[in-house]
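The structure appears below as structure tokens.
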Amino acid sequence: MGVFKTVIYDNDTNRIDTLEYIIKSIALNENWNEFAIMKKSNFFYGQIISDFVFESHLVLIEFNMPNAIAFAESIRKKNMFSKIIFYDYDTKTDINFVLKCTPFACIASNQKIDSIQDAIKKCLELSAQESNMLFFESRRTMLFLPIDKIVYFYSEQHYINVIYDMAETDRFKDKLDNIESKISNQFFVRIHKSYFISLLHISKIDKKTHIIVMNNGDELPISDSYYKNVIAKLKQLCSLKP
């Protein structure tokens, strides 16, 4: 599922170590070997926040940290999919302030560490499911595309066409460069200014004409500028030396 990014906003070293241990234990148990954890001990208004925070899958926030809610809101404005968990939550505080951040969970201060562990596990499981989907939103539609079913994307004027392995298609307004930047997946590669394909759905390549035949029968051109990279990625996928 790629690198799983977690942010912990707390200044209690022992608690951070405990949370880090929980995350790593769950991730390794699920065979997610790639994960990164950022620890923050302060946040103030107007602070420049790193891209890592906004790209995070999970954000754990000790509720009584300074500007905890503002920190969560800043993340939520840029990343609707990030899972925010407040812990050591003071149940006397008006819940409406927290709900503005749409947290994944609020763990009260009188609840045991097991509650945090359960919430983290559910969050990781949900993120794993979402990692197999692509989300696109236009003015009129929201699309959730299953990555493993996509044969290729191709651009046509100002629109993107999605070709699936079950003879179905989708179409929405976007640029192929945007699609490529959204998919940090080793199984996709750009072959042409108009085509972005899944390596898992290639049937064969004509080395003379530089034509790729997909497993649905579609024949697509490989531009000379992309050819070497396409072959290298295919060989890497097959565990061969490029």
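By order in the structure tokens, chains are A, B, ...; within a chain, residues start at 1; ligands start at 1, following the order shown.
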Assign secondary structure with DSSP using the backbone only, and return the residues of stretch 6-40 of chain A in strand (DSSP E or B) as an NGL selection string. :A and (6-9 or 35-40)
Just the residues within 9 Å of A:Cys101, please, counting only C-alpha atoms, with nothing from its chain fewer than 6 positions along; format it as a PyMOL selection string. chain A and resi 69-70+72-77+84
Go ahead and write the selection's residues with N, CA, C and O atoms as a PDB file, in the first residue's frame.
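Saved as result27.pdb:
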ATOM      1  N   ILE A  69      -6.985  21.419  18.138  1.00  0.00           N
ATOM      2  CA  ILE A  69      -8.089  21.439  17.179  1.00  0.00           C
ATOM      3  C   ILE A  69      -7.707  22.212  15.924  1.00  0.00           C
ATOM      4  O   ILE A  69      -8.021  21.796  14.804  1.00  0.00           O
ATOM      5  N   ALA A  70      -7.006  23.334  16.085  1.00  0.00           N
ATOM      6  CA  ALA A  70      -6.578  24.123  14.927  1.00  0.00           C
ATOM      7  C   ALA A  70      -5.639  23.305  14.035  1.00  0.00           C
ATOM      8  O   ALA A  70      -5.699  23.391  12.803  1.00  0.00           O
ATOM      9  N   ALA A  72      -5.675  20.034  13.727  1.00  0.00           N
ATOM     10  CA  ALA A  72      -6.517  19.061  13.020  1.00  0.00           C
ATOM     11  C   ALA A  72      -7.284  19.720  11.882  1.00  0.00           C
ATOM     12  O   ALA A  72      -7.401  19.155  10.787  1.00  0.00           O
ATOM     13  N   GLU A  73      -7.802  20.906  12.119  1.00  0.00           N
ATOM     14  CA  GLU A  73      -8.571  21.605  11.084  1.00  0.00           C
ATOM     15  C   GLU A  73      -7.702  21.963   9.883  1.00  0.00           C
ATOM     16  O   GLU A  73      -8.153  21.902   8.738  1.00  0.00           O
ATOM     17  N   SER A  74      -6.455  22.341  10.137  1.00  0.00           N
ATOM     18  CA  SER A  74      -5.560  22.693   9.033  1.00  0.00           C
ATOM     19  C   SER A  74      -5.294  21.484   8.138  1.00  0.00           C
ATOM     20  O   SER A  74      -5.175  21.605   6.920  1.00  0.00           O
ATOM     21  N   ILE A  75      -5.219  20.307   8.766  1.00  0.00           N
ATOM     22  CA  ILE A  75      -5.024  19.065   7.999  1.00  0.00           C
ATOM     23  C   ILE A  75      -6.283  18.709   7.227  1.00  0.00           C
ATOM     24  O   ILE A  75      -6.245  18.368   6.047  1.00  0.00           O
ATOM     25  N   ARG A  76      -7.433  18.817   7.911  1.00  0.00           N
ATOM     26  CA  ARG A  76      -8.693  18.439   7.289  1.00  0.00           C
ATOM     27  C   ARG A  76      -9.007  19.285   6.053  1.00  0.00           C
ATOM     28  O   ARG A  76      -9.575  18.803   5.077  1.00  0.00           O
ATOM     29  N   LYS A  77      -8.610  20.547   6.059  1.00  0.00           N
ATOM     30  CA  LYS A  77      -8.889  21.426   4.921  1.00  0.00           C
ATOM     31  C   LYS A  77      -8.187  20.958   3.657  1.00  0.00           C
ATOM     32  O   LYS A  77      -8.660  21.184   2.551  1.00  0.00           O
ATOM     33  N   ILE A  84      -8.059  11.232  11.607  1.00  0.00           N
ATOM     34  CA  ILE A  84      -7.633  11.985  12.786  1.00  0.00           C
ATOM     35  C   ILE A  84      -8.203  11.322  14.038  1.00  0.00           C
ATOM     36  O   ILE A  84      -9.408  11.087  14.133  1.00  0.00           O
TER      37      ILE A  84
END
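Across the model, the gap from atom CA of A:Ser194 to atom CA of A:Ser155 is 5.0 Å.
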Could you name the residues that touch stretch 158-166 of chain A at 10 Å or less, counting only C-alpha atoms, but leaving out those on the same chain fewer than 4 positions away, as a PyMOL selection string? chain A and resi 145-154+170-176+179+194-197+201+214-216+218
Would you output that residue set with N, CA, C and O atoms, as a JSON list (two decimals), in the first residue's frame?
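What follows is the written file selection31.json:
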[["chain", "number", "residue", "atom", "x", "y", "z"],
["A", 145, "LEU", "N", -12.30, 4.88, -8.22],
["A", 145, "LEU", "CA", -11.87, 3.93, -9.24],
["A", 145, "LEU", "C", -11.00, 2.83, -8.64],
["A", 145, "LEU", "O", -10.03, 3.11, -7.93],
["A", 146, "PRO", "N", -11.33, 1.56, -8.88],
["A", 146, "PRO", "CA", -10.51, 0.44, -8.38],
["A", 146, "PRO", "C", -9.23, 0.31, -9.19],
["A", 146, "PRO", "O", -9.26, 0.00, -10.39],
["A", 147, "ILE", "N", -8.07, 0.52, -8.56],
["A", 147, "ILE", "CA", -6.79, 0.54, -9.25],
["A", 147, "ILE", "C", -6.51, -0.77, -10.00],
["A", 147, "ILE", "O", -6.06, -0.77, -11.14],
["A", 148, "ASP", "N", -6.79, -1.91, -9.35],
["A", 148, "ASP", "CA", -6.43, -3.19, -9.96],
["A", 148, "ASP", "C", -7.26, -3.54, -11.19],
["A", 148, "ASP", "O", -6.90, -4.42, -11.96],
["A", 149, "LYS", "N", -8.38, -2.83, -11.39],
["A", 149, "LYS", "CA", -9.24, -3.10, -12.54],
["A", 149, "LYS", "C", -8.94, -2.19, -13.73],
["A", 149, "LYS", "O", -9.46, -2.38, -14.83],
["A", 150, "ILE", "N", -8.10, -1.17, -13.51],
["A", 150, "ILE", "CA", -7.82, -0.19, -14.57],
["A", 150, "ILE", "C", -6.77, -0.75, -15.53],
["A", 150, "ILE", "O", -5.69, -1.16, -15.12],
["A", 151, "VAL", "N", -7.11, -0.75, -16.83],
["A", 151, "VAL", "CA", -6.16, -1.18, -17.86],
["A", 151, "VAL", "C", -5.30, 0.01, -18.28],
["A", 151, "VAL", "O", -4.08, -0.08, -18.34],
["A", 152, "TYR", "N", -5.94, 1.14, -18.56],
["A", 152, "TYR", "CA", -5.18, 2.35, -18.88],
["A", 152, "TYR", "C", -6.09, 3.59, -18.84],
["A", 152, "TYR", "O", -7.31, 3.49, -18.86],
["A", 153, "PHE", "N", -5.42, 4.73, -18.79],
["A", 153, "PHE", "CA", -6.08, 6.04, -18.93],
["A", 153, "PHE", "C", -5.64, 6.62, -20.27],
["A", 153, "PHE", "O", -4.49, 6.43, -20.68],
["A", 154, "TYR", "N", -6.53, 7.34, -20.93],
["A", 154, "TYR", "CA", -6.05, 8.12, -22.06],
["A", 154, "TYR", "C", -6.80, 9.46, -22.11],
["A", 154, "TYR", "O", -7.97, 9.56, -21.76],
["A", 170, "ASP", "N", -14.99, 4.89, -17.80],
["A", 170, "ASP", "CA", -15.42, 6.10, -17.11],
["A", 170, "ASP", "C", -14.83, 7.28, -17.85],
["A", 170, "ASP", "O", -13.84, 7.15, -18.59],
["A", 171, "ARG", "N", -15.41, 8.43, -17.64],
["A", 171, "ARG", "CA", -14.92, 9.64, -18.32],
["A", 171, "ARG", "C", -15.15, 10.83, -17.40],
["A", 171, "ARG", "O", -16.23, 10.98, -16.83],
["A", 172, "PHE", "N", -14.12, 11.64, -17.24],
["A", 172, "PHE", "CA", -14.26, 12.83, -16.41],
["A", 172, "PHE", "C", -13.26, 13.88, -16.87],
["A", 172, "PHE", "O", -12.31, 13.59, -17.59],
["A", 173, "LYS", "N", -13.49, 15.08, -16.43],
["A", 173, "LYS", "CA", -12.66, 16.21, -16.86],
["A", 173, "LYS", "C", -11.42, 16.31, -15.98],
["A", 173, "LYS", "O", -11.52, 16.47, -14.76],
["A", 174, "ASP", "N", -10.25, 16.22, -16.60],
["A", 174, "ASP", "CA", -8.99, 16.33, -15.85],
["A", 174, "ASP", "C", -7.84, 16.29, -16.85],
["A", 174, "ASP", "O", -8.05, 16.17, -18.05],
["A", 175, "LYS", "N", -6.60, 16.37, -16.32],
["A", 175, "LYS", "CA", -5.41, 16.27, -17.16],
["A", 175, "LYS", "C", -4.65, 15.00, -16.80],
["A", 175, "LYS", "O", -4.62, 14.59, -15.64],
["A", 176, "LEU", "N", -4.00, 14.42, -17.80],
["A", 176, "LEU", "CA", -3.28, 13.17, -17.56],
["A", 176, "LEU", "C", -2.11, 13.38, -16.60],
["A", 176, "LEU", "O", -1.77, 12.48, -15.83],
["A", 179, "ILE", "N", -3.39, 12.87, -13.20],
["A", 179, "ILE", "CA", -3.62, 11.45, -12.92],
["A", 179, "ILE", "C", -2.30, 10.79, -12.53],
["A", 179, "ILE", "O", -2.21, 10.05, -11.55],
["A", 194, "SER", "N", -0.50, 10.92, -24.24],
["A", 194, "SER", "CA", -1.94, 10.71, -24.08],
["A", 194, "SER", "C", -2.31, 9.43, -23.37],
["A", 194, "SER", "O", -3.50, 9.17, -23.14],
["A", 195, "TYR", "N", -1.31, 8.60, -22.99],
["A", 195, "TYR", "CA", -1.62, 7.30, -22.40],
["A", 195, "TYR", "C", -0.82, 7.04, -21.13],
["A", 195, "TYR", "O", 0.40, 7.25, -21.08],
["A", 196, "PHE", "N", -1.52, 6.52, -20.13],
["A", 196, "PHE", "CA", -0.93, 6.14, -18.85],
["A", 196, "PHE", "C", -1.51, 4.76, -18.52],
["A", 196, "PHE", "O", -2.71, 4.62, -18.34],
["A", 197, "ILE", "N", -0.65, 3.73, -18.47],
["A", 197, "ILE", "CA", -1.17, 2.36, -18.47],
["A", 197, "ILE", "C", -0.76, 1.56, -17.23],
["A", 197, "ILE", "O", 0.19, 1.92, -16.52],
["A", 201, "HIS", "N", -1.58, -5.20, -17.00],
["A", 201, "HIS", "CA", -2.56, -5.55, -18.04],
["A", 201, "HIS", "C", -1.94, -5.55, -19.44],
["A", 201, "HIS", "O", -2.64, -5.47, -20.43],
["A", 214, "MET", "N", -2.57, -4.46, -25.02],
["A", 214, "MET", "CA", -3.09, -4.70, -23.69],
["A", 214, "MET", "C", -3.90, -6.00, -23.69],
["A", 214, "MET", "O", -4.29, -6.51, -24.75],
["A", 215, "ASN", "N", -4.16, -6.54, -22.51],
["A", 215, "ASN", "CA", -4.84, -7.83, -22.47],
["A", 215, "ASN", "C", -6.32, -7.76, -22.85],
["A", 215, "ASN", "O", -6.99, -8.78, -22.94],
["A", 216, "ASN", "N", -6.84, -6.55, -23.09],
["A", 216, "ASN", "CA", -8.20, -6.43, -23.61],
["A", 216, "ASN", "C", -8.19, -6.30, -25.13],
["A", 216, "ASN", "O", -9.23, -6.11, -25.76],
["A", 218, "ASP", "N", -6.58, -3.91, -26.93],
["A", 218, "ASP", "CA", -6.28, -2.56, -27.40],
["A", 218, "ASP", "C", -4.78, -2.42, -27.69],
["A", 218, "ASP", "O", -3.94, -2.88, -26.91]]
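What separates atom CA of A:Lys233 from atom CA of A:Phe136 is a distance of 26.0 Å.
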